[in-house]
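A.B. asks: Mind having a look at this structure? Questions to follow.
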Protein chains: 2
Amino acid sequence: MSETRDKIFESAREVFIQKGFAGARMQEIADFAGINKGLLHYYFKTKDILFNEVVSMTVETLAPQLQNLVTSEDRLLDKIRQFVYFYIDTLIQNPFLPSFILHEINFRGDEFAKEIIGRYKINPIKLIWQIELETREGYIRPVNPIQMLLNILSMCIFPFVAKPMIQQAIGMSQEDFMRLMDYRKEEVTRFIIDAIKQKDYPNS
Amino acid sequence: MSETRDKIFESAREVFIQKGFAGARMQEIADFAGINKGLLHYYFKTKDILFNEVVSMTVETLAPQLQNLVTSEDRLLDKIRQFVYFYIDTLIQNPFLPSFILHEINFRGDEFAKEIIGRYKINPIKLIWQIELETREGYIRPVNPIQMLLNILSMCIFPFVAKPMIQQAIGMSQEDFMRLMDYRKEEVTRFIIDAIKQKDYPNS
DNA sequence: GTCTATATTCCGATAGAC
DNA sequence: GTCTATCGGAATATAGAC
């Protein structure tokens, strides 16, 4: 792959993720990559094409790793800890990702959402089974599995979606925020375990 | 207030919330309101003005109610229950709200965030004190107050931000989703209480 | 491959008739 | 107040020299 092409691609990733499709400007992408619009169109014929490539690439790097986590044979509580740690770590390195994906899904409608989900090949069903099973076995308190999954995802993802709001509200620097998220991995894990673990099965 | 003006305003609200500022088209707003662009500009001189009015109106309807909740004299666990119920109920009636606010804050930067927060007059400090106090008194387990607040907000708000994604992933209708959110009020409350309540203070 | 210059399309905003 | 027609700027995309 061409060096210039990569530079453009990275630049586009940056700009699209921060401003969204409609808010991004080809000019800004070109500036950011240190080239001009003409050359930009030489490598990527249209804005749409460039955008789609950015989305594809982004999703495809994350999907397999998540998939591995979810389908492993570990016990639920261990799986949850791994999941939370992996998710928050990933988002610390890509803090803009959630708002990007979520806004574009709102913007472009259901087909876009369907396509993303298709690529992620997420099957929450196996996880839901596991939650139901471990509940019946008495390892965890009875909970609605879907609500449970929503709780986990919410606590991992939401802070990054609301990042600017949070920083403003508490008066935090960039580094403060990242440190807060770093602590958060253990804090959220604990919170979940405290909420659902049965007291008479103290192993873990 | 003029009838036409209201129709335009509602239409703008709809379009802005779904597409964001950059993605919204004056033409589409006009179409949706059943009038033409000329008339649109007669009532609202510029797109910026229209947008700001939509934001102001939206924020101002919610702020006072939240403020009352947070500053009441109730015990923490009761306050949390009230908060969760109020928040989710409000979002059931305005499901689009979170993604709208959060995306525009990402897009428009810190001044916008600061302004919103100013209007909300949110002071998390009193709540943080209360959490620390009740921890010392032994009513709840030791938790980091900020992380705790983040957890509550996350679980209430995130599902609405991710609504299209969730619906696609589980294959849900509009009504299914709203029903899920309705159950969620009790589910989240329980989850939080299970996570932080000390077992030797069984009242409440 | 890379640049400059230009064509083309789109969209916010204005002018003016009714 | 409401409409049609149009302007002017901005942003995407193309043409063509080097």
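We name chains A, B, ... following the order of the structure tokens; residues begin at 1 in each chain, and ligands are numbered from 1 as shown.
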For A:Ala113, list every protein, DNA or RNA residue within 9 Å, evaluated using only C-alpha atoms (C1' of nucleotides), and leave out those in the same chain fewer than 2 positions away; present the list as an MDAnalysis selection string.

C.D. replies: (chainID A and resid 101:102 104:106 108:111 115:118) or (chainID B and resid 164:165 168:169)

A.B. asks: Using C-alpha atoms, can you write the selected residues to a file as an mmCIF file, in the first residue's frame?

C.D. replies:
```
data_model
loop_
_atom_site.group_PDB
_atom_site.id
_atom_site.type_symbol
_atom_site.label_atom_id
_atom_site.label_comp_id
_atom_site.auth_asym_id
_atom_site.auth_seq_id
_atom_site.Cartn_x
_atom_site.Cartn_y
_atom_site.Cartn_z
ATOM 1 C CA ILE A 101 -20.582 4.773 15.481
ATOM 2 C CA LEU A 102 -23.703 5.675 17.397
ATOM 3 C CA GLU A 104 -23.759 7.592 12.222
ATOM 4 C CA ILE A 105 -26.252 4.870 12.997
ATOM 5 C CA ASN A 106 -28.816 7.450 14.051
ATOM 6 C CA ARG A 108 -27.937 6.841 8.289
ATOM 7 C CA GLY A 109 -30.742 4.686 9.585
ATOM 8 C CA ASP A 110 -31.310 1.009 10.071
ATOM 9 C CA GLU A 111 -29.470 -0.453 7.077
ATOM 10 C CA GLU A 115 -24.521 -3.862 8.349
ATOM 11 C CA ILE A 116 -22.361 -3.039 11.368
ATOM 12 C CA ILE A 117 -24.016 -5.706 13.452
ATOM 13 C CA GLY A 118 -23.605 -8.164 10.613
ATOM 14 C CA PRO B 164 -31.174 1.746 16.991
ATOM 15 C CA MET B 165 -28.259 -0.598 17.578
ATOM 16 C CA GLN B 168 -31.372 -4.177 15.371
ATOM 17 C CA ALA B 169 -29.297 -6.531 17.476
#
```

A.B. asks: Please report, as CSV, each residue of chain B lying at most 12 Å from chain C, together with the nearest pair of atoms and the separation in Å rounded to one decimal; use only C-alpha atoms (C1' of nucleotides), and order rows by chain and ascending residue number.

C.D. replies:
```
residue,atom,partner,partner_atom,distance
B:Ala22,CA,C:DC11,C1',11.4
B:Gly23,CA,C:DC11,C1',11.5
B:Ala24,CA,C:DC11,C1',10.7
B:Arg25,CA,C:DC11,C1',7.8
B:Met26,CA,C:DG12,C1',7.6
B:Gln27,CA,C:DC11,C1',8.4
B:Glu28,CA,C:DC11,C1',11.2
B:Lys37,CA,C:DA13,C1',9.4
B:Gly38,CA,C:DA13,C1',8.7
B:Leu39,CA,C:DA13,C1',11.5
B:Leu40,CA,C:DA13,C1',10.6
B:His41,CA,C:DA13,C1',7.7
B:Tyr42,CA,C:DT14,C1',10.3
B:Phe44,CA,C:DA13,C1',11.0
B:Lys45,CA,C:DA13,C1',8.3
B:Thr46,CA,C:DA13,C1',7.7
B:Lys47,CA,C:DG12,C1',7.7
B:Asp48,CA,C:DG12,C1',10.6
```

A.B. asks: Would you compute the distance between atom CA of B:Phe160 and atom CA of A:Ala12? Give it in Å to one decimal.

C.D. replies: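 It comes out at 28.2 Å.
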
A.B. asks: Using only C-alpha atoms (C1' of nucleotides), I'd like every residue of chain D that has an atom within 8 Å of chain A; please write them out as a list in words.

C.D. replies: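 Result, ordered by chain then number: DA11, DT12 and DA13 of chain D.
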
A.B. asks: Run DSSP on the backbone and give me the residues of stretch 14-177 of chain B it puts in alpha helix (DSSP H), as a ChimeraX atom specification.

C.D. replies: /B:14-23,26-33,37-43,47-70,76-93,97-108,110-120,124-136,145-161,163-170,174-177

A.B. asks: Which residues, written as a PyMOL selection string, have at least one atom at most 8 Å from stretch 89-92 of chain A, with only C-alpha atoms (C1' of nucleotides) counted and residues fewer than 5 positions away on the same chain left out?

C.D. replies: chain A and resi 97+157+160+178+181-182

A.B. asks: For B:Glu134, find every residue with an atom within 12 Å (counting only C-alpha atoms (C1' of nucleotides)), except residues of its own chain fewer than 6 positions away, and show them as a list in words.

C.D. replies: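 My reading of the contact set: Asp74, Arg75, Leu76, Leu77, Leu127, Ile128, Ile140, Arg141, Pro142, Val143, Pro145, Ile196, Lys197, Gln198 and Tyr201 of chain B.
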
A.B. asks: Include N, CA and C atoms and write out the residues we just selected as a CSV table (one decimal), in the first residue's frame.

C.D. replies:
```csv
chain,number,residue,atom,x,y,z
B,74,ASP,N,-33.9,13.4,51.0
B,74,ASP,CA,-34.0,12.0,51.2
B,74,ASP,C,-32.7,11.2,51.4
B,75,ARG,N,-32.8,10.0,51.9
B,75,ARG,CA,-31.7,9.1,52.0
B,75,ARG,C,-31.2,8.7,50.6
B,76,LEU,N,-30.0,8.3,50.5
B,76,LEU,CA,-29.3,8.1,49.2
B,76,LEU,C,-30.1,7.0,48.4
B,77,LEU,N,-30.4,5.9,49.0
B,77,LEU,CA,-31.0,4.8,48.2
B,77,LEU,C,-32.4,5.2,47.7
B,127,LEU,N,-24.2,15.7,46.0
B,127,LEU,CA,-24.5,14.3,45.9
B,127,LEU,C,-23.3,13.5,46.3
B,128,ILE,N,-22.1,14.0,45.9
B,128,ILE,CA,-20.9,13.3,46.2
B,128,ILE,C,-20.7,13.3,47.7
B,140,ILE,N,-23.9,2.2,53.2
B,140,ILE,CA,-23.6,1.6,51.9
B,140,ILE,C,-22.1,1.2,51.9
B,141,ARG,N,-21.8,0.3,51.0
B,141,ARG,CA,-20.4,-0.1,50.8
B,141,ARG,C,-19.5,1.0,50.3
B,142,PRO,N,-18.2,1.0,50.6
B,142,PRO,CA,-17.3,2.0,50.1
B,142,PRO,C,-17.2,2.0,48.6
B,143,VAL,N,-17.6,3.1,48.0
B,143,VAL,CA,-17.4,3.2,46.5
B,143,VAL,C,-16.9,4.6,46.2
B,145,PRO,N,-17.3,7.9,44.7
B,145,PRO,CA,-18.6,8.6,44.4
B,145,PRO,C,-18.8,8.9,42.9
B,196,ILE,N,-24.6,-1.8,46.2
B,196,ILE,CA,-23.9,-0.9,47.2
B,196,ILE,C,-24.5,-1.0,48.6
B,197,LYS,N,-25.6,-1.7,48.8
B,197,LYS,CA,-26.2,-1.7,50.1
B,197,LYS,C,-25.5,-2.6,51.1
B,198,GLN,N,-25.2,-2.1,52.3
B,198,GLN,CA,-24.6,-3.0,53.3
B,198,GLN,C,-25.7,-3.9,53.8
B,201,TYR,N,-27.7,-3.4,57.3
B,201,TYR,CA,-28.7,-2.3,57.4
B,201,TYR,C,-29.8,-2.5,56.5
```

A.B. asks: Expressed in Å to a single decimal, how great is the separation between atom CA of A:Arg5 and atom CA of A:Asn94?

C.D. replies: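 Taking atom CA of A:Arg5 as the start and atom CA of A:Asn94 as the end point, the length is 21.3 Å.
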
A.B. asks: Which residue, B:Arg13, B:Gly20, B:Phe86, B:Arg136, has the smallest gap to chain A when you use only C-alpha atoms?

C.D. replies: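 Using only C-alpha atoms, chain A sits closest to B:Gly20.
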
A.B. asks: Considering only C-alpha atoms, can you say which of B:Ile49, B:Gly171, B:Lys114, B:Gly138 comes closest to chain A?

C.D. replies: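 Residue with the minimum atom-to-atom distance to chain A: B:Lys114.
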
A.B. asks: Please provide as a list in words all residues within 10 Å of A:Lys7, with the sequence filter that same-chain residues fewer than 3 positions apart are discarded (counting only C-alpha atoms (C1' of nucleotides)).

C.D. replies: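 Residues meeting the cut-off are Ser2, Glu3, Thr4, Glu10, Ser11, Ala12, Arg13, Ile29, Ala30, Phe32, Ala33, Gly34 and Ile35 of chain A.
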
A.B. asks: Residues as selected, C-alpha atoms, written as a compact mmCIF listing (two decimals), in the first residue's frame, can you do that?

C.D. replies:
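File produced: out16.txt:
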```txt
# COMPACT_ATOMS: atom_id res chain seq x y z
CA SER A 2 1.13 3.51 -0.82
CA GLU A 3 2.52 5.65 1.95
CA THR A 4 0.46 8.67 0.94
CA GLU A 10 -5.41 7.98 8.97
CA SER A 11 -6.25 11.63 8.54
CA ALA A 12 -9.73 10.77 7.30
CA ARG A 13 -10.26 8.43 10.23
CA ILE A 29 -8.78 15.86 5.65
CA ALA A 30 -6.35 16.97 2.95
CA PHE A 32 -4.44 17.17 8.01
CA ALA A 33 -2.64 14.74 5.72
CA GLY A 34 -0.43 17.50 4.37
CA ILE A 35 -1.58 17.17 0.76
```

A.B. asks: Excluding same-chain residues fewer than 6 positions from A:Tyr87, what lies within 12 Å of it counting only C-alpha atoms (C1' of nucleotides), as a VMD selection string?

C.D. replies: chain A and resid 62 to 63 65 to 67 69 to 70 79 to 81 93 to 95 97 to 98 152 to 158 160 181 to 182 184 to 185 188 to 189

A.B. asks: Could you tell me how far atom CA of A:Gln174 lies from atom CA of A:Phe100, in Å and to one decimal?

C.D. replies: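 We find that atom CA of A:Gln174 and atom CA of A:Phe100 lie 18.8 Å from each other.
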